[in-house]
Structures are given as C-alpha cells and as structure tokens.
$ cat start24.txt   # compact mmCIF, C-alpha atoms and all ligand atoms
# COMPACT_ATOMS: atom_id res chain seq x y z
CA MET A 1 95.51 92.65 82.89
CA ARG A 2 97.33 92.64 86.21
CA ILE A 3 97.45 95.96 88.01
CA VAL A 4 99.39 96.76 91.18
CA VAL A 5 98.37 99.85 93.19
CA LEU A 6 100.31 101.33 96.13
CA ALA A 7 97.60 102.70 98.39
CA GLY A 8 97.22 104.80 101.51
CA GLY A 9 93.77 105.38 103.01
CA ILE A 10 91.08 107.66 101.61
CA GLY A 11 92.81 108.82 98.41
CA GLY A 12 93.90 105.30 97.55
CA ALA A 13 90.59 103.66 98.43
CA ARG A 14 88.43 106.10 96.49
CA PHE A 15 90.68 105.78 93.45
CA LEU A 16 90.46 101.98 93.64
CA ARG A 17 86.69 102.15 93.45
CA GLY A 18 87.04 103.98 90.12
CA LEU A 19 89.75 101.60 88.92
CA LYS A 20 87.52 98.59 89.52
CA ALA A 21 84.77 100.23 87.48
CA ALA A 22 87.22 101.21 84.71
CA ALA A 23 88.82 97.76 84.48
CA PRO A 24 86.31 95.22 85.81
CA GLU A 25 88.23 92.29 84.29
CA ALA A 26 91.59 93.29 85.71
CA GLU A 27 93.28 91.44 88.55
CA VAL A 28 94.11 94.21 91.03
CA THR A 29 96.66 93.78 93.81
CA VAL A 30 96.77 96.56 96.38
CA ILE A 31 99.91 97.03 98.43
CA GLY A 32 98.62 98.83 101.51
CA ASN A 33 100.44 101.28 103.74
CA THR A 34 100.92 100.08 107.32
CA GLY A 35 103.11 102.96 108.49
CA ASP A 36 99.98 104.52 110.02
CA ASP A 37 99.31 101.49 112.19
CA ILE A 38 98.93 102.14 115.89
CA HIS A 39 98.37 100.07 119.02
CA LEU A 40 95.46 101.40 121.07
CA PHE A 41 93.66 99.79 124.01
CA GLY A 42 95.82 96.73 123.47
CA LEU A 43 94.57 96.40 119.90
CA LYS A 44 96.37 96.66 116.59
CA VAL A 45 94.68 99.25 114.41
CA CYS A 46 95.51 99.45 110.67
CA PRO A 47 93.70 102.58 109.46
CA ASP A 48 94.78 102.51 105.82
CA LEU A 49 94.18 98.78 105.26
CA ASP A 50 90.75 99.13 106.83
CA THR A 51 89.84 102.20 104.79
CA VAL A 52 90.59 100.25 101.59
CA MET A 53 88.75 97.16 102.85
CA TYR A 54 85.67 99.04 104.07
CA THR A 55 85.50 101.36 101.03
CA LEU A 56 85.67 98.54 98.48
CA GLY A 57 83.59 96.21 100.65
CA GLY A 58 80.73 98.66 101.14
CA GLY A 59 81.19 99.25 104.88
CA ILE A 60 82.80 102.69 104.87
CA HIS A 61 81.36 105.84 106.40
CA GLU A 62 81.11 107.66 103.07
CA GLU A 63 81.21 111.30 104.16
CA GLN A 64 83.98 110.78 106.69
CA GLY A 65 86.02 108.56 104.38
CA TRP A 66 87.24 106.33 107.25
CA GLY A 67 85.56 104.12 109.83
CA ARG A 68 82.29 102.22 109.55
CA ALA A 69 78.89 103.40 108.38
CA ASP A 70 76.11 103.40 111.01
CA GLU A 71 78.68 103.52 113.78
CA SER A 72 78.08 103.91 117.52
CA PHE A 73 80.62 104.75 120.21
CA ALA A 74 79.51 102.90 123.34
CA VAL A 75 82.83 101.12 123.92
CA LYS A 76 84.77 104.34 123.66
CA GLN A 77 82.42 106.08 126.10
CA GLU A 78 82.78 103.21 128.56
CA LEU A 79 86.59 103.32 128.28
CA SER A 80 86.51 107.02 128.83
CA ALA A 81 84.35 106.54 131.95
CA TYR A 82 87.25 104.46 133.29
CA GLY A 83 89.59 107.31 132.43
CA VAL A 84 91.21 105.20 129.72
CA GLY A 85 92.29 107.08 126.61
CA PRO A 86 93.38 108.33 124.21
CA GLU A 87 90.20 110.31 123.69
CA TRP A 88 91.47 111.84 120.46
CA PHE A 89 91.34 108.68 118.34
CA GLY A 90 87.85 107.82 117.12
CA LEU A 91 87.14 104.10 117.28
CA GLY A 92 83.54 103.01 116.89
CA ASP A 93 81.94 99.82 118.16
CA ARG A 94 81.76 98.12 114.78
CA ASP A 95 85.33 99.10 113.99
CA PHE A 96 86.46 97.70 117.36
CA ALA A 97 85.34 94.23 116.24
CA THR A 98 87.75 94.37 113.28
CA HIS A 99 90.65 95.29 115.56
CA ILE A 100 89.73 92.58 118.07
CA VAL A 101 89.71 89.91 115.34
CA ARG A 102 93.01 91.21 113.96
CA THR A 103 94.72 91.35 117.35
CA GLN A 104 93.44 87.91 118.33
CA MET A 105 94.79 86.37 115.12
CA ILE A 106 98.15 88.09 115.50
CA ALA A 107 98.38 86.83 119.10
CA ALA A 108 97.68 83.35 117.74
CA GLY A 109 100.69 83.69 115.46
CA TYR A 110 99.25 84.72 112.11
CA PRO A 111 101.19 87.37 110.15
CA LEU A 112 99.34 90.59 109.29
CA SER A 113 99.11 89.55 105.62
CA ALA A 114 97.20 86.38 106.57
CA VAL A 115 95.00 88.35 108.97
CA THR A 116 94.20 90.90 106.27
CA GLU A 117 93.23 88.11 103.91
CA ALA A 118 90.94 86.65 106.59
CA LEU A 119 89.27 90.02 107.22
CA CYS A 120 88.81 90.48 103.46
CA ALA A 121 87.03 87.12 103.26
CA ARG A 122 84.15 88.93 104.92
CA TRP A 123 84.39 92.21 102.99
CA GLN A 124 85.14 90.83 99.52
CA PRO A 125 86.81 94.04 98.33
CA GLY A 126 87.28 92.62 94.84
CA VAL A 127 91.04 93.24 94.96
CA ARG A 128 93.86 91.34 96.61
CA LEU A 129 94.88 93.52 99.56
CA ILE A 130 98.38 92.88 100.95
CA PRO A 131 100.05 94.96 103.65
CA MET A 132 103.42 96.36 102.51
CA THR A 133 105.10 94.33 105.26
CA ASP A 134 104.26 91.92 108.08
CA ASP A 135 106.88 93.67 110.22
CA ARG A 136 106.19 96.60 112.49
CA VAL A 137 106.85 99.92 110.77
CA GLU A 138 105.60 103.12 112.37
CA THR A 139 105.74 106.55 110.83
CA HIS A 140 106.85 109.20 113.32
CA VAL A 141 106.84 112.94 112.74
CA VAL A 142 109.44 115.23 114.29
CA ILE A 143 107.97 118.50 115.59
CA ASP A 144 109.02 121.41 117.81
CA THR A 145 107.05 121.79 121.02
CA PRO A 146 107.03 124.76 123.42
CA ASP A 147 107.76 122.71 126.57
CA GLU A 148 109.57 119.59 125.42
CA GLY A 149 111.63 120.99 122.55
CA ARG A 150 112.06 118.92 119.43
CA LYS A 151 110.45 115.49 119.65
CA ALA A 152 109.00 112.72 117.53
CA VAL A 153 105.33 111.80 117.76
CA HIS A 154 103.42 108.94 116.16
CA PHE A 155 101.92 109.94 112.82
CA GLN A 156 98.39 109.49 114.19
CA GLU A 157 99.18 111.83 117.07
CA TYR A 158 100.48 114.42 114.61
CA TRP A 159 97.49 114.13 112.35
CA VAL A 160 94.53 113.27 114.58
CA ARG A 161 95.45 114.90 117.91
CA LEU A 162 97.53 117.85 116.69
CA HIS A 163 95.67 118.29 113.36
CA ALA A 164 99.06 118.72 111.68
CA GLY A 165 99.33 122.11 113.40
CA PRO A 166 103.08 122.18 114.17
CA ASP A 167 105.43 122.17 111.18
CA ALA A 168 106.82 118.71 110.46
CA ARG A 169 110.64 118.82 110.66
CA ALA A 170 111.16 115.24 109.52
CA VAL A 171 109.16 112.11 108.77
CA LEU A 172 110.66 108.86 110.01
CA PRO A 173 109.38 105.45 108.93
CA VAL A 174 110.61 103.76 112.11
CA GLY A 175 111.50 100.11 111.53
CA ALA A 176 111.29 100.35 107.75
CA GLU A 177 114.98 99.61 107.18
CA GLN A 178 114.72 96.26 108.95
CA SER A 179 111.38 95.34 107.39
CA LYS A 180 110.74 92.88 104.57
CA PRO A 181 107.99 93.09 101.98
CA ALA A 182 105.02 90.89 102.94
CA PRO A 183 104.68 87.60 101.07
CA GLY A 184 103.25 88.24 97.61
CA VAL A 185 104.30 91.89 97.34
CA ILE A 186 107.41 91.45 95.20
CA GLU A 187 105.78 88.63 93.22
CA ALA A 188 102.76 90.83 92.41
CA ILE A 189 105.00 93.68 91.24
CA ALA A 190 107.08 91.33 89.09
CA ALA A 191 103.92 89.90 87.48
CA ALA A 192 102.21 93.29 86.96
CA ASP A 193 101.34 94.77 83.56
CA VAL A 194 101.07 98.22 85.09
CA VAL A 195 101.85 99.83 88.46
CA ILE A 196 99.75 102.77 89.64
CA PHE A 197 100.42 105.36 92.35
CA PRO A 198 96.92 106.64 93.18
CA PRO A 199 96.46 110.16 94.54
CA SER A 200 97.66 108.99 97.97
CA ASN A 201 99.95 110.96 100.23
CA PRO A 202 103.40 110.85 98.57
CA VAL A 203 105.27 110.91 101.88
CA VAL A 204 103.33 109.07 104.59
CA SER A 205 101.40 106.67 102.32
CA VAL A 206 103.25 105.87 99.07
CA GLY A 207 106.55 107.04 100.61
CA SER A 208 106.19 104.62 103.52
CA ILE A 209 105.50 101.72 101.16
CA LEU A 210 108.56 102.63 99.06
CA ALA A 211 110.64 102.74 102.26
CA VAL A 212 110.30 98.96 102.69
CA PRO A 213 113.57 97.67 101.22
CA GLY A 214 113.03 95.91 97.91
CA ILE A 215 109.72 97.47 96.90
CA ARG A 216 111.10 100.53 95.10
CA GLU A 217 113.69 98.37 93.34
CA ALA A 218 111.08 95.81 92.29
CA ILE A 219 108.94 98.57 90.74
CA ALA A 220 111.88 100.17 88.95
CA ASP A 221 112.98 96.75 87.64
CA ALA A 222 109.52 95.49 86.66
CA GLY A 223 109.90 96.90 83.14
CA VAL A 224 106.23 97.90 82.97
CA PRO A 225 104.59 101.33 82.90
CA VAL A 226 104.44 103.07 86.28
CA VAL A 227 101.91 105.90 86.33
CA GLY A 228 100.73 108.19 89.11
CA LEU A 229 97.98 110.71 89.81
CA SER A 230 98.66 113.91 91.70
CA PRO A 231 97.15 114.29 95.18
CA ILE A 232 98.10 117.97 94.96
CA VAL A 233 95.72 120.18 93.00
CA GLY A 234 96.29 123.90 92.54
CA GLY A 235 99.22 123.91 94.95
CA ALA A 236 97.42 122.27 97.88
CA PRO A 237 96.31 118.81 98.96
CA VAL A 238 92.67 118.08 98.15
CA ARG A 239 92.33 117.01 101.77
CA GLY A 240 94.74 116.23 104.56
CA MET A 241 98.22 117.48 105.39
CA ALA A 242 100.36 116.37 102.45
CA ASP A 243 101.74 119.93 102.20
CA LYS A 244 103.12 119.67 105.76
CA VAL A 245 104.85 116.32 105.29
CA LEU A 246 106.09 117.26 101.80
CA ALA A 247 107.75 120.33 103.32
CA ALA A 248 109.47 118.03 105.82
CA VAL A 249 111.15 116.18 102.95
CA GLY A 250 111.97 119.40 101.09
CA VAL A 251 109.30 119.12 98.39
CA GLU A 252 106.95 121.92 97.42
CA ALA A 253 103.19 121.26 97.53
CA ASP A 254 102.98 121.33 93.76
CA ALA A 255 101.74 118.71 91.28
CA ALA A 256 104.96 118.81 89.26
CA ALA A 257 107.23 118.79 92.31
CA VAL A 258 105.62 115.57 93.55
CA ALA A 259 106.30 113.86 90.20
CA LEU A 260 109.94 114.98 90.29
CA HIS A 261 110.18 113.77 93.89
CA TYR A 262 109.23 110.25 92.74
CA GLY A 263 111.57 110.79 89.81
CA SER A 264 111.87 109.46 86.27
CA GLY A 265 113.75 106.41 87.59
CA LEU A 266 110.47 105.27 89.08
CA LEU A 267 107.65 107.06 87.25
CA ASP A 268 106.89 106.82 83.53
CA GLY A 269 103.66 108.79 83.51
CA TRP A 270 101.94 111.40 85.69
CA LEU A 271 98.49 112.94 85.68
CA VAL A 272 97.90 116.42 87.04
CA ASP A 273 94.55 118.16 87.40
CA THR A 274 93.38 120.54 84.67
CA ALA A 275 93.95 123.36 87.21
CA ASP A 276 97.66 122.48 86.94
CA ALA A 277 97.88 122.32 83.13
CA ASP A 278 100.76 124.82 83.32
CA ARG A 279 102.82 122.22 85.25
CA VAL A 280 102.71 119.61 82.45
CA ALA A 281 105.73 120.84 80.47
CA GLU A 282 108.04 120.71 83.48
CA VAL A 283 107.16 117.08 84.22
CA ASP A 284 107.52 116.15 80.53
CA ARG A 285 110.96 117.78 80.44
CA ALA A 286 112.03 115.57 83.35
CA GLY A 287 111.28 112.49 81.22
CA ILE A 288 107.91 111.66 82.78
CA ARG A 289 105.02 111.76 80.31
CA CYS A 290 102.40 114.09 81.71
CA ARG A 291 98.76 114.99 80.99
CA ALA A 292 96.30 117.36 82.61
CA VAL A 293 92.86 115.81 83.19
CA PRO A 294 90.17 116.34 85.85
CA LEU A 295 91.43 114.72 89.06
CA MET A 296 88.68 115.46 91.56
CA MET A 297 87.09 112.27 92.89
CA THR A 298 83.69 113.88 93.37
CA ASP A 299 81.81 110.66 92.55
CA VAL A 300 82.45 107.19 91.17
CA ALA A 301 81.89 108.33 87.56
CA ALA A 302 84.54 111.06 87.84
CA THR A 303 86.91 108.63 89.57
CA THR A 304 86.34 105.98 86.91
CA ALA A 305 87.27 108.52 84.25
CA MET A 306 90.50 109.27 86.15
CA ALA A 307 91.36 105.57 86.29
CA ARG A 308 90.72 105.26 82.53
CA GLU A 309 93.08 108.18 81.90
CA ALA A 310 95.75 106.51 84.05
CA LEU A 311 95.41 103.23 82.13
CA ALA A 312 95.46 105.06 78.79
CA LEU A 313 98.62 106.91 79.81
CA ALA A 314 100.18 103.58 80.79
CA GLU A 315 99.43 102.18 77.33
CA GLU A 316 100.90 105.28 75.75
CA VAL A 317 104.20 104.99 77.61
CA ARG A 318 104.28 101.25 76.92
CA ALA A 319 104.11 101.98 73.20
P1 LIG B 1 94.95 108.79 103.90
O1 LIG B 1 95.86 107.68 104.29
O2 LIG B 1 93.55 108.59 104.37
O3 LIG B 1 95.49 110.14 104.15
O4 LIG B 1 94.78 108.66 102.32
P2 LIG B 1 95.81 108.63 101.11
O5 LIG B 1 97.21 108.79 101.51
O6 LIG B 1 95.46 107.44 100.28
O7 LIG B 1 95.32 109.89 100.31
C1 LIG B 1 95.47 111.18 100.84
C2 LIG B 1 95.65 112.13 99.70
O8 LIG B 1 94.52 112.01 98.84
C3 LIG B 1 95.71 113.58 100.11
O9 LIG B 1 97.02 114.06 99.90
C4 LIG B 1 94.69 114.26 99.21
O10 LIG B 1 95.18 115.45 98.63
C5 LIG B 1 94.38 113.23 98.16
N1 LIG B 1 93.02 113.32 97.67
C6 LIG B 1 91.88 113.17 98.37
N2 LIG B 1 90.80 113.36 97.58
C7 LIG B 1 91.30 113.63 96.34
C8 LIG B 1 90.70 113.93 95.08
O11 LIG B 1 89.48 113.99 94.92
N3 LIG B 1 91.55 114.17 94.02
C9 LIG B 1 92.91 114.12 94.16
N4 LIG B 1 93.66 114.36 93.09
N5 LIG B 1 93.50 113.85 95.34
C10 LIG B 1 92.71 113.61 96.40
CA CA B 2 96.95 107.00 106.06
$ encode --input "start24.txt" --output "structure tokens" --more "lines below"
Ligand code: GDP
Ligand code: CA
Amino acid sequence: MRIVVLAGGIGGARFLRGLKAAAPEAEVTVIGNTGDDIHLFGLKVCPDLDTVMYTLGGGIHEEQGWGRADESFAVKQELSAYGVGPEWFGLGDRDFATHIVRTQMIAAGYPLSAVTEALCARWQPGVRLIPMTDDRVETHVVIDTPDEGRKAVHFQEYWVRLHAGPDARAVLPVGAEQSKPAPGVIEAIAAADVVIFPPSNPVVSVGSILAVPGIREAIADAGVPVVGLSPIVGGAPVRGMADKVLAAVGVEADAAAVALHYGSGLLDGWLVDTADADRVAEVDRAGIRCRAVPLMMTDVAATTAMAREALALAEEVRA
C-alpha cells in the first residue's frame, strides 16, 4: 500500500509514528510543510521537516516535541555574547549541525528536496520525506500592533516570539503562488492508494502545502480516498495556536468546521475525537464520511489505533 501524508511538525510527526506501526509494510511518502522555514544566523532552518525527521529517526526531544534530545546551547550563548540574535528562537548545538549541513548543500547548488534526502540518509525515518516545494515560501501573519499599526510578521515571530498573542488578521503564504511542487510530490500523490491529512494545523501546515499550485488539484484528481484527523478537540487545538490562525481564515475552532473548510471536494473521510461525537452528523451531511474515535496521541499505542481507524475509514469510503 502506498500512503501519502501531508505533514506539519509535531502533530504530523507524532501521527506518522503511529501510522508506521499500524502499517509497517506500507510505503509512506510525507509531503512536508516548508512555510515555517526561516533564515537565522545565515542558516536555513526547516522546523517542520526536522521535527518529522528527528521524531521518526529517534533524535527528537520527546517532551518538547521539537529540537534534539540531549541538547546544549553553547553556540546560542556565544552568539548572544556578541549581541547577535534573535534570542527568542531556540536553536541547540546539535540542531545547528543540521542547519549548517543544509545551508552548505544549498549554497553548493542542491535543491532542498535533495538536501532533505541527504539528511534523512543519517536519520532513516522509514518514510520518504519530500518538502512541498524547493522554492522559497514563507508564511507571514498579519497582526495589529500598538506602535506600528497593521503589519505582517514571519510565522515563527508570531508563534515563538509573540506566542500567538495578537489576533491574526490574515495568513499569507508568501511566494506560494510562484512555487512549484518539489520533484516527486505530484508523482507520489498520483501513485497513492490513500492520502491522509494528519492532525496537523489546517492553516499554517496542511494549508500551506495545499497553497503550492498543483498539489490540491493532484489530490482531488487522484481518485483515491482522502481522509483526515481533526487537530481540534472539544473546540480547541490540542496544542498550539490553530484557533488563532483558523479565525484569520474565517473558520471556527471546531472539529466539524475544519472538515468543511477542507471541503467534500477534497476530503472523503474525517475523524473527530469522541469528545466531538455530536459533530459527526454535520460532517456526514456535507458528504464527508465521519466517525468519532479517540484522537489523543498520548502514546504510540493510542496513536497507532488512530492510524488504524484512518486506514479503516479510507477502505470504507473506497468501497
Ligand atoms: P506544528 O507544525 O509543530 O505546529 O505541528 P502540526 O501542524 O503538524 O500539528 C499541530 C496540530 O497538532 C495542532 O493544531 C494540535 O491541535 C494538533 N495536535 C497535537 N497533539 C494532538 C493530539 O494528541 N491529538 C490531536 N487530535 N491533535 C493534536
Ligand atoms: Ca510548523
């Protein structure tokens, strides 16, 4: 079985761990979000690709959900002693090495997709990880500020520095319109038996991937089941600021509303948490087959059960 998953960072990576356990024989291609990418200290940092790579490769800081285990911060302290910031973005020494290798390869002319493959040769994530695009796409968030009025900030600044405090007025995937899917993305979708939207952020993770021209169309045209799992449980994100960025695109933080936002043109099946069992009928009525099952990724066993439910729902809509 060939499975394609559109993944952000933590939500996507944790789900993938369960999917690998649920379908050990499957060939899994992960299309990773690069809208969160940021250039810091002259280095190209790809937080979502790295979260997937480290989580599946056994290098992740488990509790934090991002960055490396057993991390130290000597480089950052030294930079800060020179007065070189930003201080608000946590980059550990081990993590720095990844970004140095990536930046060096890009400077030598390799596209991000080739660089990601090279980094994965070390981590052996057990999936094929492809960035959504080799082109530069950067998610910006429009906010109101007391002194500078309305302005756009990089997604990482909104999330990491401002802790998603100000309301998001708009979310802009800058550069998306001119971008092309990375080599292998469209081919993987066309060859897939099932496409899964994990419980990743619908706006700044899955939404950014779908903003790359051609990807949404390829999924809609693939003629295979497309199933998703809700990142919203009981009217709130399990973690993160999905509620803030959903509001910016006019969508309620509600498990059913997210399914309708993707729409029946794209989604065939949708899983909501048992806490949202009362939302099932509304999604079903919209032509998206819906089930309520436990959706909390508390451990690998619970996550594996979620992945099994997603695959079972896919088989049901296929039939
Ligand atoms: P990010 O790039 O690190 O923010 O990660 P993703 O976009 O892949 O996933 C973020 C989303 O994962 C958030 O909207 C969370 O609500 C969701 N999430 C995190 N943990 C869980 C969980 O245990 N269950 C569900 N259903 N969603 C989760
Ligand atoms: Ca992310």
$ closest_residue --input "start24.txt" --among "A:Ser200, A:Ser208, A:Phe73, A:Asp276" --to "Arg239 (chain A)" --atoms "only C-alpha atoms"
A:Ser200
$ residues_around --input "start24.txt" --residues "Val233 (chain A)" --least-positions-apart "4" --cutoff "9 Å" --atoms "only C-alpha atoms" --output "NGL selection string"
:A and (237-238 or 253-255 or 272-276 or 295-296)
$ closest_residue --input "start24.txt" --among "A:Tyr110, A:Phe197, A:Tyr82, A:Phe96" --to "ligand LIG 1 (chain B)" --atoms "all atoms listed in the file"
A:Phe197
$ residues_near_ligand --input "start24.txt" --ligand "ligand LIG 1 (chain B)" --cutoff "9 Å" --atoms "all atoms listed in the file" --output "VMD selection string"
chain A and resid 6 to 15 33 36 47 to 48 51 to 52 65 to 66 198 to 206 229 to 233 236 to 243 271 to 273 294 to 299 303
$ write_last_selection --input "start24.txt" --atoms "C-alpha atoms" --output "PDB file, in the frame of the given file"
ATOM      1  CA  LEU A   6     100.310 101.330  96.130  1.00  0.00           C
ATOM      2  CA  ALA A   7      97.600 102.700  98.390  1.00  0.00           C
ATOM      3  CA  GLY A   8      97.220 104.800 101.510  1.00  0.00           C
ATOM      4  CA  GLY A   9      93.770 105.380 103.010  1.00  0.00           C
ATOM      5  CA  ILE A  10      91.080 107.660 101.610  1.00  0.00           C
ATOM      6  CA  GLY A  11      92.810 108.820  98.410  1.00  0.00           C
ATOM      7  CA  GLY A  12      93.900 105.300  97.550  1.00  0.00           C
ATOM      8  CA  ALA A  13      90.590 103.660  98.430  1.00  0.00           C
ATOM      9  CA  ARG A  14      88.430 106.100  96.490  1.00  0.00           C
ATOM     10  CA  PHE A  15      90.680 105.780  93.450  1.00  0.00           C
ATOM     11  CA  ASN A  33     100.440 101.280 103.740  1.00  0.00           C
ATOM     12  CA  ASP A  36      99.980 104.520 110.020  1.00  0.00           C
ATOM     13  CA  PRO A  47      93.700 102.580 109.460  1.00  0.00           C
ATOM     14  CA  ASP A  48      94.780 102.510 105.820  1.00  0.00           C
ATOM     15  CA  THR A  51      89.840 102.200 104.790  1.00  0.00           C
ATOM     16  CA  VAL A  52      90.590 100.250 101.590  1.00  0.00           C
ATOM     17  CA  GLY A  65      86.020 108.560 104.380  1.00  0.00           C
ATOM     18  CA  TRP A  66      87.240 106.330 107.250  1.00  0.00           C
ATOM     19  CA  PRO A 198      96.920 106.640  93.180  1.00  0.00           C
ATOM     20  CA  PRO A 199      96.460 110.160  94.540  1.00  0.00           C
ATOM     21  CA  SER A 200      97.660 108.990  97.970  1.00  0.00           C
ATOM     22  CA  ASN A 201      99.950 110.960 100.230  1.00  0.00           C
ATOM     23  CA  PRO A 202     103.400 110.850  98.570  1.00  0.00           C
ATOM     24  CA  VAL A 203     105.270 110.910 101.880  1.00  0.00           C
ATOM     25  CA  VAL A 204     103.330 109.070 104.590  1.00  0.00           C
ATOM     26  CA  SER A 205     101.400 106.670 102.320  1.00  0.00           C
ATOM     27  CA  VAL A 206     103.250 105.870  99.070  1.00  0.00           C
ATOM     28  CA  LEU A 229      97.980 110.710  89.810  1.00  0.00           C
ATOM     29  CA  SER A 230      98.660 113.910  91.700  1.00  0.00           C
ATOM     30  CA  PRO A 231      97.150 114.290  95.180  1.00  0.00           C
ATOM     31  CA  ILE A 232      98.100 117.970  94.960  1.00  0.00           C
ATOM     32  CA  VAL A 233      95.720 120.180  93.000  1.00  0.00           C
ATOM     33  CA  ALA A 236      97.420 122.270  97.880  1.00  0.00           C
ATOM     34  CA  PRO A 237      96.310 118.810  98.960  1.00  0.00           C
ATOM     35  CA  VAL A 238      92.670 118.080  98.150  1.00  0.00           C
ATOM     36  CA  ARG A 239      92.330 117.010 101.770  1.00  0.00           C
ATOM     37  CA  GLY A 240      94.740 116.230 104.560  1.00  0.00           C
ATOM     38  CA  MET A 241      98.220 117.480 105.390  1.00  0.00           C
ATOM     39  CA  ALA A 242     100.360 116.370 102.450  1.00  0.00           C
ATOM     40  CA  ASP A 243     101.740 119.930 102.200  1.00  0.00           C
ATOM     41  CA  LEU A 271      98.490 112.940  85.680  1.00  0.00           C
ATOM     42  CA  VAL A 272      97.900 116.420  87.040  1.00  0.00           C
ATOM     43  CA  ASP A 273      94.550 118.160  87.400  1.00  0.00           C
ATOM     44  CA  PRO A 294      90.170 116.340  85.850  1.00  0.00           C
ATOM     45  CA  LEU A 295      91.430 114.720  89.060  1.00  0.00           C
ATOM     46  CA  MET A 296      88.680 115.460  91.560  1.00  0.00           C
ATOM     47  CA  MET A 297      87.090 112.270  92.890  1.00  0.00           C
ATOM     48  CA  THR A 298      83.690 113.880  93.370  1.00  0.00           C
ATOM     49  CA  ASP A 299      81.810 110.660  92.550  1.00  0.00           C
ATOM     50  CA  THR A 303      86.910 108.630  89.570  1.00  0.00           C
TER      51      THR A 303
END
$ closest_residue --input "start24.txt" --among "A:Gly223, A:Gly207, A:Gly35, A:Gly109" --to "ligand CA 2 (chain B)" --atoms "all atoms listed in the file"
A:Gly35
$ closest_residue --input "start24.txt" --among "A:Val153, A:Ile186, A:Ile209, A:Ile219" --to "ligand CA 2 (chain B)" --atoms "all atoms listed in the file"
A:Ile209
$ residues_near_point --input "start24.txt" --point "(83.1, 106.7, 123.2)" --cutoff "9 Å" --atoms "only C-alpha atoms" --output "list in words"
Ser72, Phe73, Ala74, Val75, Lys76, Gln77, Glu78, Leu79, Ser80, Ala81, Glu87, Gly90, Leu91, Gly92 and Asp93 of chain A
$ atom_distance --input "start24.txt" --atom1 "CA of Glu252 (chain A)" --atom2 "CA of Val194 (chain A)"
27.4 Å
$ residues_around --input "start24.txt" --residues "Gln178 (chain A)" --least-positions-apart "3" --cutoff "9 Å" --atoms "only C-alpha atoms" --output "PyMOL selection string"
chain A and resi 135+137+175+212-213
$ atom_distance --input "start24.txt" --atom1 "CA of Gly85 (chain A)" --atom2 "CA of Gly67 (chain A)"
18.3 Å
